[in-house]
Amino acid sequence: MDLEDVLIKPVISEKANMLREQNKYVFIVRKDASKIQIKEAVRKLFNVTVVNCTTMNVRGKWKRTRGIPGLTASYKKAIVRVAPGQTIQAFEGV
């Protein structure tokens, strides 16, 4: 697995924006990615020092579309904390 394939997309939400003030950034990552792979991917792609990485598996929720029940997709989420004074510029324009 290449490091570019580990990170799927950044999460842009109110809670993720509040975490940015604490130098924490939220990404949706591949389900089979480990914390070490996520740290390396963020370090190489954004040229920052990663201090900590927390991952969680988010289960799909039951939804109903036109009366037919089904599940939304499950995914893995990572919260990455970078060193103080460093930022990820991709998030700053948002």
# chains A, B, ... in the order shown; residues from 1 in each chain; ligands from 1
call {"tool": "select_by_dssp", "arguments": {"residues": "chain A", "states": "strand (DSSP E or B)", "output": "ChimeraX atom specification"}}
result
/A:7-10,24-29,50-58,62-65,68-71,75-82
call {"tool": "write_last_selection", "arguments": {"atoms": "N, CA, C and O atoms", "output": "short mmCIF file (atom, residue, chain, number, x, y, z; two decimals), in the first residue's frame"}}
result
data_model
loop_
_atom_site.label_atom_id
_atom_site.label_comp_id
_atom_site.auth_asym_id
_atom_site.auth_seq_id
_atom_site.Cartn_x
_atom_site.Cartn_y
_atom_site.Cartn_z
N LEU A 7 -4.52 7.91 3.17
CA LEU A 7 -5.48 8.97 3.49
C LEU A 7 -6.50 9.07 2.37
O LEU A 7 -6.14 9.27 1.21
N ILE A 8 -7.77 8.94 2.69
CA ILE A 8 -8.82 9.03 1.68
C ILE A 8 -9.26 10.47 1.51
O ILE A 8 -9.24 11.01 0.41
N LYS A 9 -9.69 11.12 2.61
CA LYS A 9 -10.10 12.52 2.52
C LYS A 9 -10.09 13.14 3.91
O LYS A 9 -10.22 12.45 4.91
N PRO A 10 -9.94 14.46 3.97
CA PRO A 10 -10.02 15.14 5.27
C PRO A 10 -11.47 15.31 5.68
O PRO A 10 -12.38 15.35 4.86
N LYS A 24 -4.88 19.37 15.99
CA LYS A 24 -5.35 18.03 15.65
C LYS A 24 -6.12 18.11 14.33
O LYS A 24 -6.93 19.01 14.13
N TYR A 25 -5.85 17.16 13.45
CA TYR A 25 -6.49 17.12 12.14
C TYR A 25 -7.16 15.77 11.95
O TYR A 25 -6.61 14.74 12.36
N VAL A 26 -8.33 15.76 11.33
CA VAL A 26 -9.14 14.55 11.20
C VAL A 26 -9.15 14.10 9.74
O VAL A 26 -9.40 14.92 8.84
N PHE A 27 -8.90 12.82 9.51
CA PHE A 27 -8.91 12.23 8.18
C PHE A 27 -9.74 10.96 8.17
O PHE A 27 -9.80 10.25 9.18
N ILE A 28 -10.34 10.65 7.04
CA ILE A 28 -10.90 9.33 6.81
C ILE A 28 -9.81 8.53 6.11
O ILE A 28 -9.21 9.00 5.13
N VAL A 29 -9.50 7.35 6.64
CA VAL A 29 -8.38 6.55 6.15
C VAL A 29 -8.88 5.17 5.73
O VAL A 29 -10.03 4.79 5.99
N VAL A 50 4.49 14.49 13.29
CA VAL A 50 3.30 13.91 13.91
C VAL A 50 3.66 13.48 15.33
O VAL A 50 4.59 12.72 15.55
N VAL A 51 2.90 13.99 16.30
CA VAL A 51 3.13 13.66 17.71
C VAL A 51 2.31 12.46 18.12
O VAL A 51 2.80 11.57 18.82
N ASN A 52 1.04 12.40 17.69
CA ASN A 52 0.14 11.36 18.16
C ASN A 52 -0.87 11.04 17.06
O ASN A 52 -1.20 11.89 16.24
N CYS A 53 -1.37 9.81 17.08
CA CYS A 53 -2.39 9.40 16.12
C CYS A 53 -3.40 8.52 16.85
O CYS A 53 -3.03 7.54 17.49
N THR A 54 -4.67 8.88 16.76
CA THR A 54 -5.75 8.11 17.36
C THR A 54 -6.67 7.66 16.24
O THR A 54 -7.04 8.46 15.38
N THR A 55 -7.03 6.38 16.23
CA THR A 55 -7.91 5.87 15.19
C THR A 55 -9.18 5.31 15.81
O THR A 55 -9.21 4.92 16.98
N MET A 56 -10.24 5.31 15.01
CA MET A 56 -11.51 4.74 15.45
C MET A 56 -12.25 4.19 14.24
O MET A 56 -12.16 4.75 13.15
N ASN A 57 -12.94 3.09 14.46
CA ASN A 57 -13.79 2.52 13.42
C ASN A 57 -15.21 3.02 13.63
O ASN A 57 -15.79 2.81 14.70
N VAL A 58 -15.78 3.66 12.63
CA VAL A 58 -17.13 4.22 12.71
C VAL A 58 -18.06 3.26 11.99
O VAL A 58 -17.88 2.99 10.79
N TRP A 62 -28.18 2.82 10.52
CA TRP A 62 -29.38 2.36 9.83
C TRP A 62 -30.13 3.56 9.28
O TRP A 62 -30.44 4.49 10.01
N LYS A 63 -30.41 3.54 8.00
CA LYS A 63 -31.19 4.59 7.33
C LYS A 63 -32.30 3.92 6.54
O LYS A 63 -32.24 2.75 6.21
N ARG A 64 -33.29 4.69 6.18
CA ARG A 64 -34.41 4.17 5.42
C ARG A 64 -34.58 5.05 4.18
O ARG A 64 -34.71 6.26 4.28
N THR A 65 -34.54 4.43 3.01
CA THR A 65 -34.73 5.14 1.76
C THR A 65 -35.91 4.54 1.02
O THR A 65 -35.89 3.35 0.69
N ILE A 68 -37.21 1.30 2.35
CA ILE A 68 -36.32 0.14 2.38
C ILE A 68 -35.18 0.42 3.36
O ILE A 68 -34.41 1.35 3.17
N PRO A 69 -35.06 -0.38 4.42
CA PRO A 69 -33.98 -0.15 5.38
C PRO A 69 -32.63 -0.59 4.83
O PRO A 69 -32.55 -1.53 4.04
N GLY A 70 -31.59 0.10 5.25
CA GLY A 70 -30.24 -0.24 4.83
C GLY A 70 -29.22 0.45 5.71
O GLY A 70 -29.55 1.29 6.54
N LEU A 71 -27.97 0.10 5.53
CA LEU A 71 -26.88 0.68 6.31
C LEU A 71 -26.07 1.65 5.46
O LEU A 71 -25.83 1.39 4.28
N TYR A 75 -16.56 3.24 8.08
CA TYR A 75 -15.27 3.77 7.69
C TYR A 75 -14.37 3.89 8.91
O TYR A 75 -14.81 3.72 10.05
N LYS A 76 -13.10 4.16 8.66
CA LYS A 76 -12.13 4.34 9.73
C LYS A 76 -11.70 5.79 9.74
O LYS A 76 -11.45 6.38 8.69
N LYS A 77 -11.62 6.38 10.93
CA LYS A 77 -11.30 7.78 11.08
C LYS A 77 -10.03 7.90 11.91
O LYS A 77 -9.85 7.14 12.87
N ALA A 78 -9.16 8.86 11.57
CA ALA A 78 -7.93 9.09 12.32
C ALA A 78 -7.85 10.54 12.73
O ALA A 78 -8.13 11.43 11.93
N ILE A 79 -7.47 10.77 13.99
CA ILE A 79 -7.20 12.12 14.48
C ILE A 79 -5.70 12.20 14.71
O ILE A 79 -5.14 11.45 15.52
N VAL A 80 -5.06 13.10 13.96
CA VAL A 80 -3.60 13.22 13.98
C VAL A 80 -3.23 14.53 14.64
O VAL A 80 -3.71 15.59 14.26
N ARG A 81 -2.36 14.46 15.66
CA ARG A 81 -1.89 15.67 16.34
C ARG A 81 -0.48 15.97 15.85
O ARG A 81 0.39 15.10 15.88
N VAL A 82 -0.27 17.20 15.39
CA VAL A 82 1.05 17.61 14.90
C VAL A 82 1.75 18.42 15.99
O VAL A 82 1.14 18.85 16.97
#
call {"tool": "atom_distance", "arguments": {"atom1": "CA of Leu3 (chain A)", "atom2": "CA of Val48 (chain A)"}}
result
14.7 Å
call {"tool": "residues_around", "arguments": {"residues": "Gly60 (chain A)", "least_positions_apart": "3", "cutoff": "6 Å", "atoms": "only C-alpha atoms", "output": "number ranges by chain"}}
result
A: 71-74
call {"tool": "atom_distance", "arguments": {"atom1": "CA of Arg20 (chain A)", "atom2": "CA of Lys61 (chain A)"}}
result
26.3 Å
call {"tool": "atom_distance", "arguments": {"atom1": "CA of Thr87 (chain A)", "atom2": "CA of Met1 (chain A)"}}
result
25.7 Å
